[in-house]
There are 2 protein chains.
Amino acid sequence: MAGVSHTTVSRVLNNDPKVASETAKRILELVQKVEYRPNPLARRFARKRSNLIGLLVSDISNPFYAELARGIEDKAQECGYHVIFCSTDDRLDRNQQYIEIMRNTGVDGLIFASVGLHDQHVEKLIEDRLPLVLVNRKLESEKGDYVVLDNRFGAYQLTQHLIEHGYRKIAIITGPSDYSTGVERLRGYREALKDHGIAIRDTLIFQVPFSREDGYRAAKALLNGADKPEAIFGGNDHIALGVMDAADEFGIRIPEDLALVGFDDTEYAKSMKLTTVSQRKYEMGSLAVQILVDYIENKVNGYAHRIVLEPKLMIRQSCGGHPVR
Amino acid sequence: MAGVSHTTVSRVLNNDPKVASETAKRILELVQKVEYRPNPLARRFARKRSNLIGLLVSDISNPFYAELARGIEDKAQECGYHVIFCSTDDRLDRNQQYIEIMRNTGVDGLIFASVGLHDQHVEKLIEDRLPLVLVNRKLESEKGDYVVLDNRFGAYQLTQHLIEHGYRKIAIITGPSDYSTGVERLRGYREALKDHGIAIRDTLIFQVPFSREDGYRAAKALLNGADKPEAIFGGNDHIALGVMDAADEFGIRIPEDLALVGFDDTEYAKSMKLTTVSQRKYEMGSLAVQILVDYIENKVNGYAHRIVLEPKLMIRQSCGGHPVR
DNA sequence: CTGAAAGCGCTTACAG
DNA sequence: CTGAAAGCGCTTACAG
């Protein structure tokens, strides 16, 4: 240490205003020269803050979550935070374990993108006032802060769009009933059919995990049956992709022989000309970070941030543009 | 503290073998009951180890990097580490800044998936013996440890495949010359043409950023010209997707009017039936973590780990299966 | 505006 | 096998 005290150096590095600008300048120069780097581990320990955010997603390699992660990353960086991620593969049985692991990393707060409808462990975290924001999916109990899309309305619009194009026998392959997204999309589908006086038939409703593989299998079952649907609503774009795989295999053309819609508007949907609903993933992530950082830094936890974003219908060739029969 | 000392509790929590199993058991029970969580920030500080790995990618929302990240995440978790990621958007001018930010997070080591060919800042880190592994891209100087694909050979195979299908006028829209991937893929293309006695024409060579948008623009220029190619080699799947966009716009059918190949074998390629080269992204990430953790924990840094994975040609409808003319 | 001192909550030789 | 004590490298009241 050349000249001043430990304390003063620390002050300068933390932009403490009550330090002579001349001293500060001298120290800064020295810091440069010696390439002094304050030990981040010691800083965090002394400050009792890590400036780390934990992000729990189903699978980071899924483009939906990857795009969400990018929104989270950018806003976090803007706020001086960094993101540690963890893929849960939607294994509800291991959820507690993943959360525990995350807490042991010393993050200041958690963003949970894949919460189950009835996750009691997460409910407990919320009650314990641990800084936590849900994004994409929410709890049935409506506990905690969240940023989600209006999934019900998105599904309603999509189904209505199919109906308006003359389709009547519309099947849905939606996500599992363990998640708000799966449940609400199914609800929107039902409501749209009901409002248009179309009977809801259980044989046309499939609930499967949100994967291409599962979409493929369900579609095969549907297309193999005697009672083939005229249109299929895939619970997300991955499922819709799986439907395409199955259609391909059976030589069924889309949209000529079968109309198809998805959900999420991932890049895949754009490439495959799939009609879908756009989720503002980047924005969702960004908003979640804002709320979380507010929690962490201002210890606000009386507010209830419940943000429900409007869905936007993206009409593409997989079903749109065809005459009403 | 009920019964024993601070020290002993610490030992138990760190699985120190020289502690009476009976005492250990009692402490563990108490820990459970009180829901005691050791402060991770203090642990890291005392241990001088964060068990954090920094991951630098071009863009986490790009499926290629997202899949790589998943491989890294899984292996890291297996080794008791966590991953902090940072998207650089391939802004070479800001590279130093991003690295600096990462170092300030206190990571034990760095995985760099998007290094520039001549990144002097990274070369310095390597010389300073900072635990660092390059993945996907490498330095021209061949400094440091890396896990990469044999990009040259992959491009060679792809080009040869086109030639074997009767195409002669083959254009390439490859990545920028700032990255080993872009450069080596171009090299493989040139070598294949040369080996088959086909003249290399500069007007058929484009070097653009690895994006769909840039691929689209370059393809438009190519397809608009008087001298239309019979086939296009997209430097990665994103570029190939951009070529498809342009072809669509011009009413050019793939593969009937134009053959197309990509590179990377992202999920997009599968959906779009694009012939491409498979990169074992998950495996690449996993290997990189293994090497890095070995560095961190055993302070091995005399070894030179240079892993070059074999590419695998994925033949799909975008060019394959058509008769030689 | 600056410095001495305490403290953050663990881990880890060291001594017993 | 167990404990007292030092130490990890910062930040931050507190006193001046």
# chains A, B, ... in the order shown; residues from 1 in each chain; ligands from 1
$ select_by_dssp --residues "region 107-228 of chain B" --states "strand (DSSP E)" --output "compact mmCIF listing (two decimals) with C-alpha atoms, in the first residue's frame"
# COMPACT_ATOMS: atom_id res chain seq x y z
CA GLY B 109 -12.20 -20.67 -14.03
CA LEU B 110 -13.48 -19.65 -17.42
CA ILE B 111 -14.89 -21.45 -20.42
CA PHE B 112 -14.73 -19.34 -23.52
CA LEU B 132 -9.32 -21.30 -18.88
CA VAL B 133 -10.60 -23.65 -21.53
CA LEU B 134 -11.58 -22.68 -25.03
CA VAL B 135 -14.43 -24.51 -26.65
CA ASP B 145 -6.45 -25.79 -24.08
CA TYR B 146 -9.40 -26.32 -26.31
CA VAL B 147 -12.19 -28.63 -27.32
CA VAL B 148 -13.27 -27.99 -30.88
CA LEU B 149 -14.74 -29.73 -33.89
CA ILE B 170 -21.18 -24.00 -55.28
CA ALA B 171 -21.26 -20.76 -53.34
CA ILE B 172 -20.32 -20.42 -49.69
CA ILE B 173 -21.65 -17.93 -47.18
CA THR B 174 -19.37 -18.53 -44.26
CA ILE B 205 -17.51 -16.58 -51.52
CA PHE B 206 -19.20 -14.45 -48.88
CA GLN B 207 -18.02 -13.87 -45.35
$ closest_atom_pairs --of "chain B" --to "chain C" --cutoff "12 Å" --atoms "only C-alpha atoms (C1' of nucleotides)" --output "tab-separated table"
residue	atom	partner	partner_atom	distance
B:His6	CA	C:DC10	C1'	9.5
B:Thr7	CA	C:DT11	C1'	8.4
B:Thr8	CA	C:DT11	C1'	10.9
B:Val9	CA	C:DC10	C1'	10.7
B:Ser10	CA	C:DT11	C1'	7.5
B:Arg11	CA	C:DT11	C1'	8.7
B:Val12	CA	C:DT11	C1'	11.9
B:Leu13	CA	C:DT11	C1'	11.0
B:Asn14	CA	C:DT11	C1'	9.5
B:Asp16	CA	C:DT12	C1'	11.5
B:Arg37	CA	C:DG9	C1'	11.3
B:Pro38	CA	C:DC10	C1'	7.8
B:Asn39	CA	C:DG9	C1'	6.8
B:Pro40	CA	C:DC10	C1'	8.5
B:Leu41	CA	C:DG9	C1'	8.4
B:Ala42	CA	C:DC10	C1'	5.0
B:Arg43	CA	C:DC10	C1'	5.0
B:Arg44	CA	C:DC10	C1'	8.2
B:Phe45	CA	C:DC10	C1'	7.7
B:Ala46	CA	C:DT11	C1'	5.6
B:Arg47	CA	C:DT11	C1'	6.4
B:Lys48	CA	C:DT11	C1'	9.8
B:Arg49	CA	C:DT11	C1'	11.6
$ interface_residues --of "chain B" --to "chain A" --cutoff "9 Å" --atoms "only C-alpha atoms" --output "MDAnalysis selection string"
chainID B and resid 37:46 48:52 59:70 73:74 77 82:87 102:107 241 244:245 267:268 271:272
$ write_last_selection --atoms "N, CA and C atoms" --output "CSV table (one decimal), in the first residue's frame"
chain,number,residue,atom,x,y,z
B,37,ARG,N,-28.2,-23.4,7.7
B,37,ARG,CA,-27.6,-23.4,6.4
B,37,ARG,C,-26.3,-22.6,6.6
B,38,PRO,N,-25.2,-23.3,6.3
B,38,PRO,CA,-23.9,-22.5,6.4
B,38,PRO,C,-23.9,-21.4,5.4
B,39,ASN,N,-23.4,-20.3,5.7
B,39,ASN,CA,-23.4,-19.1,4.8
B,39,ASN,C,-22.4,-19.4,3.7
B,40,PRO,N,-23.0,-19.5,2.4
B,40,PRO,CA,-22.1,-19.8,1.3
B,40,PRO,C,-21.1,-18.8,1.0
B,41,LEU,N,-21.4,-17.5,1.3
B,41,LEU,CA,-20.5,-16.4,1.0
B,41,LEU,C,-19.3,-16.6,2.0
B,42,ALA,N,-19.5,-16.9,3.2
B,42,ALA,CA,-18.4,-17.1,4.1
B,42,ALA,C,-17.6,-18.3,3.8
B,43,ARG,N,-18.2,-19.4,3.4
B,43,ARG,CA,-17.5,-20.6,3.0
B,43,ARG,C,-16.6,-20.3,1.9
B,44,ARG,N,-17.1,-19.7,0.9
B,44,ARG,CA,-16.3,-19.5,-0.3
B,44,ARG,C,-15.1,-18.6,0.0
B,45,PHE,N,-15.3,-17.6,0.9
B,45,PHE,CA,-14.3,-16.7,1.3
B,45,PHE,C,-13.2,-17.5,2.0
B,46,ALA,N,-13.6,-18.3,3.0
B,46,ALA,CA,-12.6,-19.0,3.8
B,46,ALA,C,-11.9,-20.1,3.0
B,48,LYS,N,-11.3,-19.9,-0.2
B,48,LYS,CA,-10.7,-19.3,-1.4
B,48,LYS,C,-11.1,-20.0,-2.7
B,49,ARG,N,-12.3,-20.5,-2.6
B,49,ARG,CA,-12.8,-21.1,-3.9
B,49,ARG,C,-14.3,-20.9,-4.0
B,50,SER,N,-14.7,-20.5,-5.1
B,50,SER,CA,-16.2,-20.2,-5.3
B,50,SER,C,-17.0,-21.4,-5.9
B,51,ASN,N,-16.3,-22.3,-6.5
B,51,ASN,CA,-17.0,-23.4,-7.2
B,51,ASN,C,-18.0,-22.8,-8.2
B,52,LEU,N,-17.5,-21.7,-8.8
B,52,LEU,CA,-18.3,-21.1,-9.9
B,52,LEU,C,-17.4,-21.1,-11.1
B,59,ASP,N,-24.1,-15.8,-27.7
B,59,ASP,CA,-25.5,-15.5,-27.4
B,59,ASP,C,-26.2,-16.7,-26.8
B,60,ILE,N,-26.6,-16.6,-25.6
B,60,ILE,CA,-27.2,-17.8,-24.9
B,60,ILE,C,-28.5,-18.2,-25.6
B,61,SER,N,-29.1,-17.2,-26.3
B,61,SER,CA,-30.4,-17.5,-26.9
B,61,SER,C,-30.3,-18.2,-28.2
B,62,ASN,N,-29.0,-18.3,-28.7
B,62,ASN,CA,-28.7,-19.1,-29.9
B,62,ASN,C,-28.7,-20.6,-29.5
B,63,PRO,N,-29.5,-21.4,-30.1
B,63,PRO,CA,-29.6,-22.8,-29.7
B,63,PRO,C,-28.3,-23.5,-29.7
B,64,PHE,N,-27.4,-23.1,-30.6
B,64,PHE,CA,-26.1,-23.8,-30.5
B,64,PHE,C,-25.4,-23.6,-29.2
B,65,TYR,N,-25.4,-22.4,-28.7
B,65,TYR,CA,-24.7,-22.1,-27.4
B,65,TYR,C,-25.6,-22.6,-26.3
B,66,ALA,N,-26.9,-22.6,-26.5
B,66,ALA,CA,-27.7,-23.1,-25.4
B,66,ALA,C,-27.5,-24.6,-25.2
B,67,GLU,N,-27.3,-25.3,-26.3
B,67,GLU,CA,-27.1,-26.8,-26.1
B,67,GLU,C,-25.7,-27.0,-25.5
B,68,LEU,N,-24.8,-26.2,-25.9
B,68,LEU,CA,-23.4,-26.3,-25.3
B,68,LEU,C,-23.5,-26.0,-23.8
B,69,ALA,N,-24.3,-25.0,-23.5
B,69,ALA,CA,-24.4,-24.6,-22.1
B,69,ALA,C,-25.0,-25.7,-21.3
B,70,ARG,N,-25.9,-26.5,-21.9
B,70,ARG,CA,-26.5,-27.6,-21.1
B,70,ARG,C,-25.5,-28.6,-20.8
B,73,GLU,N,-23.4,-27.2,-18.1
B,73,GLU,CA,-24.1,-27.2,-16.8
B,73,GLU,C,-24.2,-28.6,-16.1
B,74,ASP,N,-24.5,-29.6,-16.9
B,74,ASP,CA,-24.7,-30.9,-16.3
B,74,ASP,C,-23.3,-31.4,-15.7
B,77,GLN,N,-22.4,-29.4,-12.6
B,77,GLN,CA,-23.1,-29.8,-11.4
B,77,GLN,C,-22.6,-31.1,-10.8
B,82,HIS,N,-21.1,-24.5,-10.3
B,82,HIS,CA,-22.2,-23.8,-10.9
B,82,HIS,C,-21.7,-22.9,-12.0
B,83,VAL,N,-22.6,-22.5,-12.9
B,83,VAL,CA,-22.2,-21.8,-14.1
B,83,VAL,C,-22.9,-20.4,-14.2
B,84,ILE,N,-22.0,-19.4,-14.3
B,84,ILE,CA,-22.5,-18.1,-14.6
B,84,ILE,C,-22.2,-17.8,-16.1
B,85,PHE,N,-23.2,-17.3,-16.8
B,85,PHE,CA,-23.0,-17.1,-18.2
B,85,PHE,C,-23.0,-15.7,-18.6
B,86,CYS,N,-22.5,-15.4,-19.7
B,86,CYS,CA,-22.4,-14.0,-20.2
B,86,CYS,C,-22.4,-14.1,-21.8
B,87,SER,N,-23.3,-13.3,-22.4
B,87,SER,CA,-23.4,-13.3,-23.8
B,87,SER,C,-22.6,-12.1,-24.3
B,102,MET,N,-16.4,-11.0,-15.7
B,102,MET,CA,-16.5,-12.3,-15.2
B,102,MET,C,-15.5,-12.6,-14.1
B,103,ARG,N,-14.3,-12.0,-14.2
B,103,ARG,CA,-13.3,-12.2,-13.2
B,103,ARG,C,-13.7,-11.6,-11.9
B,104,ASN,N,-14.4,-10.5,-12.0
B,104,ASN,CA,-14.9,-9.8,-10.8
B,104,ASN,C,-16.1,-10.6,-10.1
B,105,THR,N,-16.6,-11.6,-10.7
B,105,THR,CA,-17.6,-12.4,-10.1
B,105,THR,C,-16.9,-13.5,-9.2
B,106,GLY,N,-15.6,-13.6,-9.3
B,106,GLY,CA,-14.9,-14.6,-8.4
B,106,GLY,C,-15.0,-16.0,-8.9
B,107,VAL,N,-15.2,-16.2,-10.2
B,107,VAL,CA,-15.2,-17.6,-10.7
B,107,VAL,C,-13.9,-18.3,-10.6
B,241,LEU,N,-30.6,-21.0,-42.8
B,241,LEU,CA,-32.0,-20.6,-42.6
B,241,LEU,C,-32.2,-19.2,-43.3
B,244,MET,N,-32.7,-19.9,-46.9
B,244,MET,CA,-34.1,-20.4,-47.1
B,244,MET,C,-35.0,-19.2,-47.2
B,245,ASP,N,-34.9,-18.3,-46.3
B,245,ASP,CA,-35.8,-17.1,-46.3
B,245,ASP,C,-35.7,-16.4,-47.7
B,267,GLU,N,-31.4,-28.0,-33.7
B,267,GLU,CA,-32.7,-28.5,-33.9
B,267,GLU,C,-33.4,-28.0,-35.2
B,268,TYR,N,-33.0,-26.7,-35.5
B,268,TYR,CA,-33.6,-26.1,-36.7
B,268,TYR,C,-33.3,-27.0,-37.9
B,271,SER,N,-35.6,-29.9,-38.2
B,271,SER,CA,-36.9,-29.5,-38.7
B,271,SER,C,-37.0,-29.1,-40.1
B,272,MET,N,-36.0,-28.4,-40.6
B,272,MET,CA,-36.0,-27.9,-41.9
B,272,MET,C,-35.4,-28.9,-42.9
$ residues_around --residues "Arg190 (chain A)" --least-positions-apart "3" --cutoff "8 Å" --atoms "only C-alpha atoms (C1' of nucleotides)" --output "list in words"
Tyr156, Leu186, Arg187, Leu193, Lys194 and Ile200 of chain A
$ atom_distance --atom1 "CA of Leu56 (chain A)" --atom2 "CA of Lys33 (chain B)"
26.6 Å
$ select_by_dssp --residues "region 6-190 of chain A" --states "alpha helix (DSSP H)" --output "PyMOL selection string"
chain A and resi 6-13+21-34+40-47+63-78+95-103+120-127+151-164+180-190
$ closest_residue --among "B:Asp178, B:Asp265, B:Glu230, B:Glu78" --to "Arg137 (chain B)" --atoms "only C-alpha atoms"
B:Asp178
$ residues_around --residues "region 214-226 of chain B" --least-positions-apart "4" --cutoff "6 Å" --atoms "only C-alpha atoms (C1' of nucleotides)" --output "MDAnalysis selection string"
chainID B and resid 239 242:243 246
$ write_last_selection --atoms "N, CA and C atoms" --output "short mmCIF file (atom, residue, chain, number, x, y, z; two decimals), in the first residue's frame"
data_model
loop_
_atom_site.label_atom_id
_atom_site.label_comp_id
_atom_site.auth_asym_id
_atom_site.auth_seq_id
_atom_site.Cartn_x
_atom_site.Cartn_y
_atom_site.Cartn_z
N ILE B 239 -27.23 -19.22 -40.89
CA ILE B 239 -27.02 -18.65 -42.22
C ILE B 239 -27.86 -19.42 -43.24
N GLY B 242 -31.29 -18.34 -43.24
CA GLY B 242 -31.41 -17.07 -43.96
C GLY B 242 -31.46 -17.29 -45.46
N VAL B 243 -30.68 -18.26 -45.93
CA VAL B 243 -30.71 -18.60 -47.36
C VAL B 243 -32.10 -19.09 -47.73
N ALA B 246 -34.43 -16.23 -48.16
CA ALA B 246 -34.24 -15.54 -49.44
C ALA B 246 -34.81 -16.37 -50.59
#
